[in-house]
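Data from final11.cif: mmCIF, C-alpha atoms
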data_upload
loop_
_atom_site.label_atom_id
_atom_site.label_comp_id
_atom_site.auth_asym_id
_atom_site.auth_seq_id
_atom_site.Cartn_x
_atom_site.Cartn_y
_atom_site.Cartn_z
CA MET A 281 42.78 -20.87 43.86
CA THR A 282 43.66 -18.28 41.21
CA ILE A 283 41.46 -17.03 38.39
CA ALA A 284 43.50 -19.05 35.89
CA ASP A 285 42.93 -22.21 37.95
CA LYS A 286 39.19 -21.50 38.11
CA ALA A 287 39.14 -20.96 34.35
CA ALA A 288 40.95 -24.28 33.85
CA MET A 289 38.42 -26.02 36.09
CA SER A 290 35.57 -24.47 34.11
CA ALA A 291 37.17 -25.53 30.82
CA SER A 292 37.54 -29.05 32.19
CA LEU A 293 33.90 -29.20 33.27
CA LYS A 294 32.79 -27.97 29.83
CA HIS A 295 35.00 -30.63 28.18
CA LEU A 296 37.15 -28.05 26.38
CA ILE A 297 40.21 -29.72 27.89
CA GLU A 298 40.83 -33.17 29.32
CA PRO A 299 39.68 -33.56 32.93
CA THR A 300 43.19 -34.20 34.24
CA ALA A 301 45.40 -32.20 36.57
CA MET A 302 48.09 -31.96 33.88
CA ALA A 303 45.69 -30.54 31.27
CA SER A 304 44.25 -28.06 33.79
CA SER A 305 47.73 -26.97 34.83
CA ARG A 306 48.80 -26.50 31.21
CA TYR A 307 45.63 -24.52 30.40
CA ALA A 308 46.06 -22.25 33.45
CA LEU A 309 49.73 -21.63 32.62
CA GLY A 310 48.81 -20.83 29.03
CA LEU A 311 46.18 -18.38 30.26
CA ARG A 312 48.69 -16.65 32.56
CA LEU A 313 51.26 -16.41 29.77
CA THR A 314 48.63 -15.07 27.38
CA VAL A 315 47.72 -12.26 29.75
CA ALA A 316 51.38 -11.46 30.51
CA ILE A 317 52.38 -11.38 26.84
CA SER A 318 49.36 -9.28 25.89
CA VAL A 319 50.11 -6.68 28.58
CA GLY A 320 53.74 -6.57 27.47
CA LEU A 321 52.70 -6.12 23.85
CA ALA A 322 50.22 -3.41 24.85
CA ILE A 323 52.96 -1.53 26.71
CA LEU A 324 55.29 -1.91 23.73
CA ILE A 325 52.67 -0.51 21.35
CA GLY A 326 51.84 2.25 23.85
CA VAL A 327 55.49 3.26 24.16
CA LEU A 328 55.82 3.32 20.37
CA ARG A 329 52.68 5.46 20.24
CA ILE A 330 54.18 7.95 22.69
CA ILE A 331 57.50 8.05 20.85
CA LYS A 332 55.90 8.45 17.41
CA GLY A 333 53.30 10.94 18.65
CA TRP A 334 50.26 9.00 17.45
CA PRO A 335 46.96 10.09 19.01
CA VAL A 336 45.79 8.00 21.95
CA TYR A 337 42.48 7.12 20.33
CA TYR A 338 43.96 5.14 17.39
CA PRO A 339 45.13 2.10 19.35
CA VAL A 340 42.26 2.32 21.82
CA PHE A 341 39.61 2.38 19.07
CA CYS A 342 41.41 -0.46 17.27
CA ALA A 343 41.45 -2.49 20.48
CA TYR A 344 37.74 -1.89 21.12
CA GLY A 345 37.03 -2.80 17.50
CA GLY A 346 39.03 -5.99 17.91
CA ILE A 347 37.09 -6.86 21.06
CA ALA A 348 33.78 -6.23 19.30
CA LEU A 349 34.82 -8.36 16.31
CA ILE A 350 36.20 -11.28 18.29
CA THR A 351 33.51 -11.54 21.00
CA PRO A 352 30.82 -13.21 18.82
CA PHE A 353 33.30 -15.91 17.74
CA ALA A 354 34.83 -16.63 21.14
CA PRO A 355 33.53 -19.52 23.26
CA LYS A 356 30.86 -18.27 25.65
CA ASP A 357 32.73 -19.68 28.64
CA ILE A 358 35.86 -17.63 27.95
CA ILE A 359 34.21 -14.25 27.28
CA GLY A 360 33.66 -13.41 30.96
CA ILE A 361 37.19 -14.50 31.81
CA ALA A 362 38.55 -12.42 28.94
CA TYR A 363 36.67 -9.31 30.00
CA ASP A 364 37.79 -9.78 33.61
CA SER A 365 41.40 -10.32 32.55
CA GLY A 366 41.66 -6.68 31.53
CA GLY A 367 40.77 -5.54 35.01
CA ILE A 368 42.93 -8.15 36.64
CA ALA A 369 45.93 -7.30 34.45
CA THR A 370 45.76 -3.66 35.46
CA SER A 371 45.95 -4.21 39.19
CA THR A 372 47.27 -2.14 42.06
CA ILE A 373 50.89 -2.82 41.11
CA THR A 374 50.64 -2.59 37.33
CA VAL A 375 48.82 0.74 37.08
CA PRO A 376 51.36 2.86 39.01
CA LEU A 377 54.30 1.28 37.19
CA VAL A 378 52.79 1.63 33.71
CA THR A 379 51.55 5.15 34.47
CA ALA A 380 54.99 6.17 35.72
CA LEU A 381 56.53 4.75 32.54
CA GLY A 382 54.07 6.62 30.32
CA VAL A 383 54.26 9.90 32.23
CA GLY A 384 58.05 9.75 32.44
CA LEU A 385 58.45 8.96 28.76
CA ALA A 386 55.95 11.63 27.71
CA SER A 387 57.67 14.18 29.96
CA ALA A 388 61.02 13.42 28.37
CA ILE A 389 59.74 13.90 24.81
CA LYS A 390 58.99 17.45 23.75
CA GLY A 391 55.39 18.06 22.69
CA ARG A 392 53.82 15.09 24.50
CA ASN A 393 51.10 15.40 27.13
CA PRO A 394 52.17 13.42 30.22
CA ILE A 395 48.61 13.01 31.50
CA SER A 396 46.88 11.63 28.40
CA ASP A 397 49.91 9.67 27.22
CA GLY A 398 50.53 8.11 30.64
CA PHE A 399 46.96 7.02 31.20
CA GLY A 400 46.50 6.04 27.56
CA LEU A 401 49.12 3.39 28.20
CA VAL A 402 47.09 1.95 31.08
CA VAL A 403 43.89 1.88 29.04
CA PHE A 404 45.55 -0.03 26.24
CA ALA A 405 47.15 -2.44 28.72
CA SER A 406 43.69 -3.25 30.07
CA LEU A 407 42.14 -3.83 26.62
CA MET A 408 44.77 -6.04 25.02
CA PRO A 409 44.35 -9.00 27.42
CA MET A 410 40.67 -9.19 26.48
CA ILE A 411 41.56 -9.77 22.84
CA PHE A 412 44.33 -12.25 23.55
CA VAL A 413 42.34 -14.32 26.06
CA MET A 414 39.43 -14.65 23.62
CA ILE A 415 41.86 -15.77 20.92
CA TYR A 416 43.36 -18.22 23.42
CA GLY A 417 39.87 -19.58 24.12
CA MET A 418 39.17 -19.95 20.39
CA ALA A 419 42.44 -21.86 19.95
CA TYR A 420 41.33 -24.37 22.60
CA ALA A 421 37.74 -24.70 21.37
#
So that I can check it, write out the structure of this file as structure tokens.
Amino acid sequence: MTIADKAAMSASLKHLIEPTAMASSRYALGLRLTVAISVGLAILIGVLRIIKGWPVYYPVFCAYGGIALITPFAPKDIIGIAYDSGGIATSTITVPLVTALGVGLASAIKGRNPISDGFGLVVFASLMPMIFVMIYGMAYA
């Protein structure tokens, strides 16, 4: 059973969704798509940041600010899942690929630091799913 399936079961037990297999399946798929889209958006913003030369702390501080602002309004049952989704999204396959993308792009652009720009991309990719999953939980609540 995947994390998304466990989250759907928890949402069903808390009566956030109907206690049917179809509703649980739809909720789990929505959660998976939310995490995938948020990581893709984070990488897109990170690549734009590298290309434009913006400092790494702007998007990271904005993401942490977004997490701090959204957390009090998110359903309590989704907060743990949202915080875990950042770690899950940056797994053993994602980190090397995203780091290689960031380091390669930063190396190709004059004046960029491959180390901070490459790992800044990974940090942002781990923060964005937290925001999106909490918003997803608020949409279902």
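Of the residues listed (A:Phe399, A:Tyr307, A:Phe412, A:Phe353), A:Phe412 shows the shortest atom-to-atom separation from A:Gly320; distances use all atoms listed in the file.
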Checklist entry - Rounded to one decimal in Å, what is the spacing between atom CA of A:Ile350 and atom CA of A:Gly417? => result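 Distance between the two atoms: 10.8 Å.
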Next on the checklist: Please list as a list in words every residue within 9 Å of stretch 326-340 of chain A, counting only C-alpha atoms and excluding residues in the same chain fewer than 4 positions away.
Outcome noted: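 Close residues of stretch 326-340 of chain A: Leu321, Ala322, Tyr344, Gly345, Leu381, Gly382, Leu385, Ala386, Ile389, Gly391, Arg392, Ser396, Asp397, Gly398, Gly400, Leu401, Val402, Val403, Phe404, Ala405 and Leu407 of chain A.
Among the candidates A:Arg306, A:Lys390, A:Arg312, A:His295, the one nearest to A:Ile361 when counting only C-alpha atoms is A:Arg312.
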Checklist entry - Which residue out of A:Ala362, A:Met410, A:Ala380, A:Ala284 has the minimum interatomic distance to A:Gly310 when only C-alpha atoms are used? => result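 Going through A:Ala362, A:Met410, A:Ala380, A:Ala284 one by one, the smallest distance to A:Gly310 is for A:Ala284.
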Item to check | atom CA of A:Gly360 to atom CA of A:Pro376, straight-line distance in Å | outcome: 25.4 Å
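Straight-line separation from atom CA of A:Gly384 to atom CA of A:Thr314: 27.0 Å.
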Next on the checklist: I'd like to see the residues matched by the PyMOL selection byres ((chain A and resi 315) around 8) on this file, and ideally I'd get them as an MDAnalysis selection string.
Outcome noted: chainID A and resid 311:314 316:319 365 369 409 412:413
Next on the checklist: Please determine, counting only C-alpha atoms, which residue among A:Ser371, A:Ser305, A:Thr351, A:Ser387 has the shortest atom-to-atom distance to A:Ala291.
Outcome noted: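 Among the listed residues, A:Ser305 lies closest to A:Ala291.
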Extending 3 Å beyond the listed atoms of stretch 317-336 of chain A on each side, what axis-aligned box results? I want centre and edge lengths in Å to one decimal, as lines of an AutoDock Vina configuration file.
center_x = 51.6
center_y = -0.2
center_z = 23.0
size_x = 17.7
size_y = 28.3
size_z = 17.2
Next on the checklist: For a quick check of understanding, using all atoms listed in the file, which of A:Ile283, A:Ala388, A:Ile411, A:Tyr420 has the smallest distance to A:Leu349?
Outcome noted: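 For A:Leu349, the nearest of the candidates is A:Ile411.
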Item to check | Hits of the PyMOL selection byres ((chain A and resi 289) around 12) in this structure, as a ChimeraX atom specification | outcome: /A:281-288,290-308,357-358
Selected residues written out, C-alpha atoms, as a CSV table (one decimal), in the coordinates of the input:
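Output contents, as saved in part18.csv:
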chain,number,residue,atom,x,y,z
A,281,MET,CA,42.8,-20.9,43.9
A,282,THR,CA,43.7,-18.3,41.2
A,283,ILE,CA,41.5,-17.0,38.4
A,284,ALA,CA,43.5,-19.0,35.9
A,285,ASP,CA,42.9,-22.2,38.0
A,286,LYS,CA,39.2,-21.5,38.1
A,287,ALA,CA,39.1,-21.0,34.4
A,288,ALA,CA,41.0,-24.3,33.8
A,290,SER,CA,35.6,-24.5,34.1
A,291,ALA,CA,37.2,-25.5,30.8
A,292,SER,CA,37.5,-29.0,32.2
A,293,LEU,CA,33.9,-29.2,33.3
A,294,LYS,CA,32.8,-28.0,29.8
A,295,HIS,CA,35.0,-30.6,28.2
A,296,LEU,CA,37.2,-28.0,26.4
A,297,ILE,CA,40.2,-29.7,27.9
A,298,GLU,CA,40.8,-33.2,29.3
A,299,PRO,CA,39.7,-33.6,32.9
A,300,THR,CA,43.2,-34.2,34.2
A,301,ALA,CA,45.4,-32.2,36.6
A,302,MET,CA,48.1,-32.0,33.9
A,303,ALA,CA,45.7,-30.5,31.3
A,304,SER,CA,44.2,-28.1,33.8
A,305,SER,CA,47.7,-27.0,34.8
A,306,ARG,CA,48.8,-26.5,31.2
A,307,TYR,CA,45.6,-24.5,30.4
A,308,ALA,CA,46.1,-22.2,33.4
A,357,ASP,CA,32.7,-19.7,28.6
A,358,ILE,CA,35.9,-17.6,28.0
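Counting all atoms listed in the file and comparing A:Ile395, A:Met408, A:Ile347, A:Met418, the residue that lies closest to A:Val383 is A:Ile395.
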